Structures are given as C-alpha cells and as structure tokens.
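Undergrad: Coordinates in query.txt, compact mmCIF, C-alpha atoms, are listed below.
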# COMPACT_ATOMS: atom_id res chain seq x y z
CA MET A 1 129.98 49.84 107.02
CA THR A 2 128.05 49.53 110.27
CA ILE A 3 129.55 49.39 113.75
CA SER A 4 128.74 46.57 116.14
CA PHE A 5 126.31 47.58 118.89
CA GLN A 6 128.09 45.24 121.32
CA THR A 7 131.52 46.59 120.42
CA ILE A 8 130.49 50.13 121.35
CA LYS A 9 128.95 48.97 124.62
CA GLN A 10 131.99 46.93 125.60
CA LEU A 11 134.42 49.74 124.78
CA ALA A 12 132.29 52.25 126.71
CA GLN A 13 132.48 50.04 129.77
CA TYR A 14 136.23 49.66 129.29
CA CYS A 15 136.53 53.47 129.20
CA GLY A 16 134.85 53.75 132.60
CA PHE A 17 131.22 54.39 131.73
CA ALA A 18 128.57 52.63 133.81
CA LEU A 19 125.95 53.19 131.13
CA CYS A 20 125.90 53.34 127.36
CA GLY A 21 122.93 53.67 125.06
CA ILE A 22 122.79 54.19 121.30
CA ALA A 23 120.06 56.01 119.38
CA LYS A 24 119.54 56.47 115.69
CA SER A 25 120.16 60.04 114.59
CA GLU A 26 116.78 61.52 113.76
CA PRO A 27 114.94 64.68 114.86
CA LEU A 28 113.20 64.54 118.25
CA ILE A 29 110.18 66.67 117.36
CA ASN A 30 108.15 65.99 120.53
CA GLU A 31 111.09 66.86 122.76
CA GLN A 32 111.66 70.04 120.82
CA GLU A 33 108.06 71.11 121.44
CA ARG A 34 108.38 70.26 125.13
CA PHE A 35 111.46 72.45 125.33
CA LYS A 36 109.66 75.32 123.61
CA LYS A 37 106.83 75.05 126.13
CA ALA A 38 109.29 75.56 128.98
CA LEU A 39 110.78 78.58 127.21
CA ALA A 40 107.33 80.08 126.68
CA GLN A 41 106.72 79.88 130.44
CA ASN A 42 110.13 81.51 131.11
CA TYR A 43 111.16 78.51 133.17
CA HIS A 44 114.64 79.10 131.75
CA ALA A 45 114.88 82.44 133.64
CA GLN A 46 115.52 84.39 130.44
CA ARG A 47 118.85 82.69 129.78
CA ALA A 48 119.32 83.90 126.22
CA TYR A 49 121.67 81.09 125.18
CA LEU A 50 118.84 78.58 125.67
CA GLU A 51 116.73 80.43 123.14
CA ARG A 52 119.35 80.18 120.39
CA ASP A 53 119.68 77.35 117.85
CA ILE A 54 116.87 75.30 119.39
CA GLU A 55 116.77 72.85 116.48
CA LYS A 56 120.39 71.87 117.09
CA ARG A 57 119.39 70.42 120.46
CA PHE A 58 117.18 67.83 118.82
CA HIS A 59 118.65 67.41 115.31
CA PRO A 60 122.11 65.76 115.59
CA SER A 61 122.86 66.24 111.89
CA LEU A 62 122.99 69.98 112.59
CA MET A 63 125.78 69.32 115.09
CA LEU A 64 127.76 66.84 112.97
CA ASP A 65 127.49 66.55 109.21
CA ASN A 66 126.03 63.23 108.13
CA CYS A 67 125.52 62.13 111.75
CA LYS A 68 124.07 58.61 111.80
CA SER A 69 124.15 57.58 115.46
CA VAL A 70 124.06 59.17 118.92
CA VAL A 71 126.08 57.31 121.57
CA VAL A 72 125.06 58.39 125.07
CA CYS A 73 127.32 57.48 127.98
CA GLY A 74 126.70 57.76 131.71
CA PHE A 75 129.13 57.94 134.64
CA ASN A 76 127.82 57.16 138.12
CA TYR A 77 129.33 59.76 140.49
CA TYR A 78 127.61 58.60 143.68
CA MET A 79 130.07 58.73 146.60
CA LYS A 80 127.62 58.50 149.56
CA ARG A 81 129.95 60.29 151.97
CA GLU A 82 128.44 63.56 153.22
CA VAL A 83 130.85 66.27 154.29
CA GLY A 84 130.58 69.43 156.34
CA GLY A 85 127.17 69.21 157.97
CA GLU A 86 124.69 71.96 157.13
CA ARG A 87 127.09 74.83 156.52
CA TYR A 88 128.00 75.56 152.90
CA LYS A 89 126.30 72.46 151.57
CA ILE A 90 127.82 71.33 148.28
CA SER A 91 125.95 69.11 145.83
CA LYS A 92 127.51 65.77 144.98
CA HIS A 93 128.24 66.84 141.42
CA SER A 94 130.28 69.74 142.85
CA GLN A 95 132.30 67.50 145.17
CA ILE A 96 134.23 65.86 142.38
CA ARG A 97 136.71 66.90 139.71
CA ASP A 98 135.02 68.95 136.98
CA TYR A 99 133.01 66.40 135.01
CA HIS A 100 133.29 68.44 131.81
CA LEU A 101 136.99 67.58 131.79
CA PHE A 102 137.13 63.90 132.65
CA MET A 103 133.94 62.97 130.81
CA LYS A 104 135.30 64.58 127.64
CA ASP A 105 138.53 62.60 128.07
CA LYS A 106 136.57 59.37 128.42
CA LEU A 107 134.50 60.10 125.31
CA GLU A 108 137.63 60.90 123.29
CA ASN A 109 139.17 57.66 124.52
CA LEU A 110 136.04 55.77 123.41
CA ALA A 111 136.23 57.35 119.95
CA HIS A 112 139.91 56.44 119.59
CA ARG A 113 139.24 52.86 120.70
CA LEU A 114 136.51 52.61 118.09
CA GLU A 115 138.85 53.94 115.42
CA GLU A 116 141.31 51.21 116.31
CA LYS A 117 138.57 48.69 115.58
CA ILE A 118 136.98 50.08 112.41
CA GLY A 119 139.27 52.81 111.10
CA ALA A 120 138.84 56.57 111.02
CA PHE A 121 135.40 58.19 111.13
CA HIS A 122 133.98 61.61 111.93
CA TYR A 123 132.67 62.26 115.41
CA ARG A 124 131.93 64.97 117.93
CA ALA A 125 132.22 64.52 121.69
CA THR A 126 130.22 66.85 123.89
CA VAL A 127 129.69 67.19 127.64
CA ASP A 128 127.37 70.08 128.42
CA SER A 129 129.43 72.06 125.92
CA SER A 130 127.13 72.28 122.90
CA ASN A 131 123.49 72.85 122.06
CA ILE A 132 122.49 69.21 122.01
CA SER A 133 119.93 68.15 124.62
CA GLU A 134 121.76 65.47 126.58
CA LYS A 135 118.73 64.55 128.68
CA ALA A 136 116.46 64.10 125.67
CA TRP A 137 118.99 61.87 123.95
CA ALA A 138 119.64 59.91 127.15
CA VAL A 139 115.97 58.94 127.15
CA GLN A 140 115.99 58.22 123.42
CA ALA A 141 119.04 55.97 123.83
CA GLY A 142 117.48 54.00 126.68
CA ILE A 143 119.82 55.33 129.40
CA GLY A 144 116.92 56.30 131.64
CA TYR A 145 113.69 58.25 131.95
CA TYR A 146 112.74 61.75 133.03
CA GLY A 147 112.11 62.07 136.75
CA LYS A 148 109.50 64.53 137.91
CA ASN A 149 112.43 66.68 139.07
CA GLY A 150 113.64 66.92 135.48
CA ILE A 151 116.67 64.71 136.17
CA ILE A 152 117.32 61.48 134.28
CA GLN A 153 116.65 58.37 136.37
CA THR A 154 118.80 55.35 135.50
CA GLN A 155 119.50 51.89 136.89
CA PHE A 156 122.30 53.56 138.86
CA GLY A 157 120.01 56.26 140.22
CA SER A 158 120.09 59.90 139.15
CA PHE A 159 123.60 60.84 140.31
CA VAL A 160 124.90 60.26 136.79
CA PHE A 161 126.90 62.51 134.46
CA ILE A 162 125.93 62.30 130.80
CA GLY A 163 128.16 62.68 127.77
CA ILE A 164 127.41 62.26 124.07
CA LEU A 165 129.43 61.00 121.13
CA LEU A 166 127.96 61.83 117.73
CA ILE A 167 129.27 59.58 114.96
CA ASP A 168 128.79 59.41 111.20
CA LYS A 169 128.43 55.63 111.22
CA GLU A 170 125.38 53.39 111.35
CA VAL A 171 125.15 50.85 114.17
CA ASP A 172 123.78 47.36 113.57
CA LYS A 173 121.28 47.76 116.41
CA TYR A 174 119.78 50.63 118.39
CA ASP A 175 118.41 50.91 121.90
CA LYS A 176 114.74 51.64 122.46
CA PRO A 177 113.66 54.80 124.29
CA THR A 178 112.97 54.35 127.98
CA THR A 179 109.29 54.38 128.89
CA ASN A 180 109.45 53.96 132.67
CA SER A 181 108.11 56.73 134.88
CA CYS A 182 107.90 57.88 138.50
CA GLY A 183 104.34 56.67 138.84
CA ASN A 184 102.44 58.38 141.67
CA CYS A 185 105.59 59.31 143.61
CA SER A 186 105.95 63.02 144.34
CA ARG A 187 108.72 63.03 146.96
CA CYS A 188 110.98 65.29 144.91
CA ILE A 189 108.20 67.85 144.42
CA ASP A 190 107.41 67.85 148.13
CA ALA A 191 111.07 68.07 149.17
CA CYS A 192 112.08 71.04 147.00
CA PRO A 193 112.74 73.84 149.51
CA VAL A 194 111.82 76.58 147.02
CA GLN A 195 108.97 74.81 145.18
CA ALA A 196 110.88 75.04 141.91
CA ILE A 197 109.22 71.90 140.49
CA VAL A 198 106.18 73.83 139.32
CA GLU A 199 104.64 70.77 137.70
CA PRO A 200 105.92 67.23 137.10
CA TYR A 201 108.93 67.30 134.76
CA TYR A 202 109.08 71.12 134.61
CA ILE A 203 111.55 73.14 136.69
CA ASP A 204 111.36 76.92 137.12
CA CYS A 205 114.97 78.09 136.97
CA ASN A 206 113.94 81.43 138.43
CA GLN A 207 113.47 79.60 141.73
CA CYS A 208 115.70 76.50 141.50
CA ILE A 209 118.71 76.69 143.85
CA THR A 210 120.86 74.68 141.45
CA ALA A 211 120.03 76.99 138.54
CA ILE A 212 120.68 80.14 140.57
CA THR A 213 123.98 79.03 142.09
CA SER A 214 125.20 77.63 138.77
CA ASN A 215 124.69 80.93 136.98
CA LYS A 216 128.09 82.64 136.67
CA LYS A 217 126.40 86.05 136.34
CA GLU A 218 124.30 85.71 139.51
CA THR A 219 125.46 87.73 142.51
CA ASP A 220 122.33 87.90 144.68
CA PHE A 221 122.00 84.79 146.84
CA SER A 222 120.07 86.46 149.64
CA GLY A 223 116.87 84.62 148.81
CA ILE A 224 118.36 81.13 148.95
CA SER A 225 121.28 81.35 151.38
CA LYS A 226 119.05 80.37 154.31
CA TYR A 227 118.77 76.87 152.83
CA GLY A 228 122.52 76.36 153.18
CA TRP A 229 123.20 75.17 149.64
CA PHE A 230 126.36 76.97 148.60
CA ASN A 231 126.51 75.37 145.17
CA ALA A 232 123.66 73.49 143.53
CA CYS A 233 121.19 71.41 145.57
CA ASP A 234 120.54 67.69 146.05
CA GLU A 235 117.28 67.81 148.03
CA CYS A 236 115.11 66.31 145.30
CA GLN A 237 117.64 63.57 144.56
CA ASN A 238 118.29 62.72 148.19
CA VAL A 239 114.64 61.78 148.78
CA CYS A 240 114.22 59.90 145.49
CA PRO A 241 113.51 56.16 146.01
CA ASN A 242 115.48 55.47 142.85
CA ASN A 243 118.65 56.53 144.72
CA ALA A 244 118.05 54.34 147.76
CA HIS A 245 120.37 51.58 146.56
CA THR A 246 122.75 53.47 144.29
CA PRO A 247 126.19 51.78 144.26
CA ILE A 248 129.25 53.79 145.26
CA ASN A 249 131.65 54.39 142.38
CA THR A 250 135.20 54.01 143.69
CA GLU A 251 136.59 55.95 140.72
CA ALA A 252 134.39 58.90 141.69
CA VAL A 253 135.55 58.65 145.31
CA LEU A 254 139.16 58.95 144.13
CA MET A 255 138.26 62.16 142.30
CA ARG A 256 136.75 63.90 145.33
CA ALA A 257 137.84 67.53 145.66
CA SER A 258 140.41 68.19 148.39
CA PHE A 259 138.61 71.29 149.75
CA LEU A 260 135.91 69.04 151.23
CA GLU A 261 138.14 67.92 154.08
CA ASN A 262 138.16 71.40 155.63
CA LYS A 263 135.47 73.13 153.63
CA THR A 264 134.25 75.83 156.04
CA GLU A 265 137.69 77.12 157.00
CA ILE A 266 138.92 77.07 153.40
CA LEU A 267 135.93 79.03 152.14
CA GLU A 268 135.93 81.57 154.97
CA THR A 269 139.68 82.25 154.71
CA LEU A 270 139.83 82.16 150.92
CA THR A 271 142.77 83.83 149.20
CA PRO A 272 143.68 83.94 145.50
CA GLU A 273 146.39 81.34 146.19
CA SER A 274 144.15 78.96 148.12
CA PHE A 275 141.44 79.37 145.49
CA GLU A 276 143.86 78.18 142.80
CA HIS A 277 145.07 75.33 144.98
CA TYR A 278 141.72 73.93 146.08
CA PHE A 279 139.28 74.80 143.32
CA LYS A 280 141.17 74.44 140.05
CA ASN A 281 139.61 71.68 137.93
CA THR A 282 136.34 71.76 139.91
CA VAL A 283 132.99 73.15 138.76
CA LEU A 284 133.48 76.03 141.23
CA TYR A 285 136.60 77.31 139.47
CA PRO A 286 134.75 79.19 136.67
CA PHE A 287 133.18 81.48 139.29
CA LYS A 288 136.69 82.85 139.93
CA TYR A 289 138.14 83.96 143.23
CA GLU A 290 136.16 87.20 143.44
CA GLY A 291 132.86 85.49 142.71
CA LEU A 292 133.37 82.71 145.23
CA LYS A 293 134.57 85.15 147.89
CA ARG A 294 131.53 87.35 147.33
CA ARG A 295 129.24 84.34 147.63
CA VAL A 296 130.80 83.33 150.95
CA GLU A 297 130.27 86.82 152.34
CA THR A 298 126.63 86.80 151.24
CA PHE A 299 125.99 83.44 152.87
CA LYS A 300 127.64 84.58 156.12
CA GLU A 301 125.67 87.82 156.19
CA LYS A 302 122.25 86.51 155.18
CA ASN A 303 122.16 83.20 157.02
CA SER A 304 121.65 83.85 160.71
CA CYS A 305 122.95 80.40 161.75
CA PHE A 306 126.47 81.19 160.46
Could you write out this structure as structure tokens?
TA:
Amino acid sequence: MTISFQTIKQLAQYCGFALCGIAKSEPLINEQERFKKALAQNYHAQRAYLERDIEKRFHPSLMLDNCKSVVVCGFNYYMKREVGGERYKISKHSQIRDYHLFMKDKLENLAHRLEEKIGAFHYRATVDSSNISEKAWAVQAGIGYYGKNGIIQTQFGSFVFIGILLIDKEVDKYDKPTTNSCGNCSRCIDACPVQAIVEPYYIDCNQCITAITSNKKETDFSGISKYGWFNACDECQNVCPNNAHTPINTEAVLMRASFLENKTEILETLTPESFEHYFKNTVLYPFKYEGLKRRVETFKEKNSCF
C-alpha cells in the first residue's frame, strides 16, 4: 500500500510545517563523498562523533529497517525583531524555544495523523538527534538547495529548522532534488567575520563562530568574543538576498525566549535559579549554569567594549 503524496503534504501543513518534501529512500553516494572530503580537510574540527557511522547519514535503511521514504519538513522561524543591540548577540535560532523539542512534537503529530489515515506503520522521527544528514535529504526532497554558506536555502529563506520522518511506506509520488544555486553571489563569504567559509559550500568549523559557540565542550571564546556573538552567528544569513523577503512566522514569534527582553542584565547577574527560569527549554540550557556563567565572564573580560 502506498501513501498519497498530497495527503502527507496537507497533513504536514496542518501540523505547522511551512515546507514538506518527500524523497525515495536510496543511498546518496555523491553526498557521502562530499561529506568525506570535508572530514579529510578537518573542517569538522576533529569532532569524533561526525566520523562515526558515516553511511547512516546517507542510507536511510540503516536508520530504519525497510525504510521506503524520507519525509523532510521545514519550519520557518524568522521573527525579524532584533533584540539587545551589539552586546551578547544571539542568533535567531537561539531566540526561540528549543527546536529539538517542538519540531519532534510536530513530526510525531504528523506520524500519528498519517496512522489515522492509513493504519499503523513503522517510522522514525529525528531532529538533529541521529546520524542522518538532514541538509542532504532536504536537497534530495526538494526543500531547498545548498547555499555557499552551507545552509539550506528555501522559498522561505534560510531561517528554517529541518526535521525528518523516515517511514516504511512507499509514496505514490516523490519530489525532485533542488537544482537551484547561489549563482555568482558571494555576500555570505564576504560577510563572515572569521572567514570560515573557506570555499563555496564548505565551512571550517575550527573558525566558524556558530560551530565554536555550539560546542558544549568549548570553554575558550577569547578569539571570537570581540565579534559579540554570544551564541551562534547570523552574519552570513543576514546579508543573504534570499532572506530579503522572508515572511515572519507568528507561531515562532509566540515561542520567543523570555530572556530576550532583558538579556544583558539577566546574563550578567545569572544565578542557578534565574538560569532555570529563563533558559530551560532553550538551546542554551544544555550548556548548564556553570558553562553559561563562564562564557559571560569571558565575553566581559575579552571584549573591550563591554
């Protein structure tokens, strides 16, 4: 029994996804080789977990037995509103409730809605929580194309969270991979404050502010604190023409983190209690109170404009 392509798309929209693409489950050999090239250049900054189970990233059947289809869903988190000036700049993806949580809920809801339509089936929902390469499958499912900054560019811009639902059912139609490109544009490369985009489509995580600040084991921020980005970095996305007309998602606005209203004071007077109150269920919470406190002190000490 095959599932209706349109049924999946309609249910995905009902569950709050702005984008939904569906790819046939088959190995992505070219993407696997591209990934290996980046590893060989140590662009992954020796993150050992990226070197493990490489095939699983590009072979869905290794993630779900008898996987037939890869459903890729996108949530536009663009909120436009900038908060806090230049001190302790927070990327847009860090200004909202932890996407790992609500995206997983939405994917589970989509799976349950599908089961109501066709009966029980096997599936696996993943949001940056497994080996599978979400970006590679987003391209394969027609969600968007790789920007030169390594971020997926969609019809809603690049401020989009991606989640994947692997299912053991065939679909009566599949999306075609996206073939668009950035053309001659190099704004993201020029705008990167640390020149982390070492060549189009390849990011050196040894230099990238987002990669450094997102690493839970990193404690030395002295080299990047002068740029003001306390967690992750949006410089390459802010200059991208593809984001010039991105629509604001009102659902994302409603999920904005409360610490943004008084960010500087909250960070500089952080206590274990206030940490729990303001940062629980955000992407900053896994750094724990001690880690966040230590980062604040480093930024205050190393950045002369604080």
Undergrad: I'd like the interatomic distance between CA of Asp65 in chain A and CA of Phe121 in chain A, to a tenth of an Å.
TA: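 Distance reported for this atom pair: 11.7 Å.
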Undergrad: Which residues come within 9 Å of Asp128 in chain A, counting all atoms listed in the file, excluding same-chain residues fewer than 3 positions away, as a PyMOL selection string?
TA: chain A and resi 100+131-134+162-164
Undergrad: Which is closer to Glu301 in chain A than all the others in A:Asp220, A:Glu55, A:Asp168, A:Glu33, using only C-alpha atoms?
TA: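 The shortest atom-to-atom distance to Glu301 in chain A comes from A:Asp220.
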Undergrad: What is the CA of Lys263 in chain A-CA of Ile189 in chain A distance in Å, reported with one decimal?
TA: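 Pair CA of Lys263 in chain A / CA of Ile189 in chain A returns 29.3 Å.
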Undergrad: Excluding Ile143 in chain A and any residue of its chain fewer than 3 positions from it, enumerate the residues within 10 Å of it, using only C-alpha atoms, and give them as a PyMOL selection string.
TA: chain A and resi 19-22+72-74+135+137-140+152-156+162+175-178
Undergrad: Just want the 12 Å neighbourhood of Gly150 in chain A, counted on all atoms listed in the file, with same-chain residues fewer than 5 positions away dropped. Output as a PyMOL selection string.
TA: chain A and resi 35+38+135-136+139+144-145+158+181-182+188-189+196-205+208+236-237
Undergrad: As an MDAnalysis selection string, please: the residues near range 282-287 of chain A (cut-off 12 Å, all atoms listed in the file, same-chain neighbours under 5 positions excluded).
TA: chainID A and resid 90:102 213:219 230:232 255:260 267 272 274:277 292:295
Undergrad: Can you tell me, as a PyMOL selection string, what residues are no more than 7 Å from range 241-250 of chain A when counting all atoms listed in the file, ignoring any on the same chain fewer than 3 positions away?
TA: chain A and resi 76-80+156-158+253-254
Undergrad: Atoms to include: C-alpha atoms. Write the selected residues as a PDB file, in the coordinates of the input.
TA:
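Saved result, result16.pdb, follows:
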ATOM      1  CA  ASN A  76     127.820  57.160 138.120  1.00  0.00           C
ATOM      2  CA  TYR A  77     129.330  59.760 140.490  1.00  0.00           C
ATOM      3  CA  TYR A  78     127.610  58.600 143.680  1.00  0.00           C
ATOM      4  CA  MET A  79     130.070  58.730 146.600  1.00  0.00           C
ATOM      5  CA  LYS A  80     127.620  58.500 149.560  1.00  0.00           C
ATOM      6  CA  PHE A 156     122.300  53.560 138.860  1.00  0.00           C
ATOM      7  CA  GLY A 157     120.010  56.260 140.220  1.00  0.00           C
ATOM      8  CA  SER A 158     120.090  59.900 139.150  1.00  0.00           C
ATOM      9  CA  VAL A 253     135.550  58.650 145.310  1.00  0.00           C
ATOM     10  CA  LEU A 254     139.160  58.950 144.130  1.00  0.00           C
TER      11      LEU A 254
END
Undergrad: Within 8 Å of (124.7, 49.6, 119.0), only C-alpha atoms: residues as a PDB file with C-alpha atoms, in the coordinates of the input?
TA:
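As a result, result_22.pdb now contains:
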ATOM      1  CA  ILE A   3     129.550  49.390 113.750  1.00  0.00           C
ATOM      2  CA  SER A   4     128.740  46.570 116.140  1.00  0.00           C
ATOM      3  CA  PHE A   5     126.310  47.580 118.890  1.00  0.00           C
ATOM      4  CA  GLN A   6     128.090  45.240 121.320  1.00  0.00           C
ATOM      5  CA  THR A   7     131.520  46.590 120.420  1.00  0.00           C
ATOM      6  CA  ILE A   8     130.490  50.130 121.350  1.00  0.00           C
ATOM      7  CA  LYS A   9     128.950  48.970 124.620  1.00  0.00           C
ATOM      8  CA  GLY A  21     122.930  53.670 125.060  1.00  0.00           C
ATOM      9  CA  ILE A  22     122.790  54.190 121.300  1.00  0.00           C
ATOM     10  CA  ALA A  23     120.060  56.010 119.380  1.00  0.00           C
ATOM     11  CA  VAL A 171     125.150  50.850 114.170  1.00  0.00           C
ATOM     12  CA  ASP A 172     123.780  47.360 113.570  1.00  0.00           C
ATOM     13  CA  LYS A 173     121.280  47.760 116.410  1.00  0.00           C
ATOM     14  CA  TYR A 174     119.780  50.630 118.390  1.00  0.00           C
ATOM     15  CA  ASP A 175     118.410  50.910 121.900  1.00  0.00           C
TER      16      ASP A 175
END
Undergrad: Just to confirm, what's the straight-line distance from CA of Glu290 in chain A to CA of Ile212 in chain A in Å (one decimal)?
TA: 17.3 Å
Undergrad: Could you check the closest approach to Lys89 in chain A for each of A:Thr298, A:Thr271, A:Ser61, A:Thr264 and tell me which residue wins, using all atoms listed in the file?
TA: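 Between A:Thr298, A:Thr271, A:Ser61, A:Thr264, the residue approaching Lys89 in chain A most closely is A:Thr264.
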Undergrad: Between A:Phe279, A:Asn206, A:Cys233, A:Cys15, single out the one closest to Gln41 in chain A, counting all atoms listed in the file.
TA: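 Going through A:Phe279, A:Asn206, A:Cys233, A:Cys15 one by one, the smallest distance to Gln41 in chain A is for A:Asn206.
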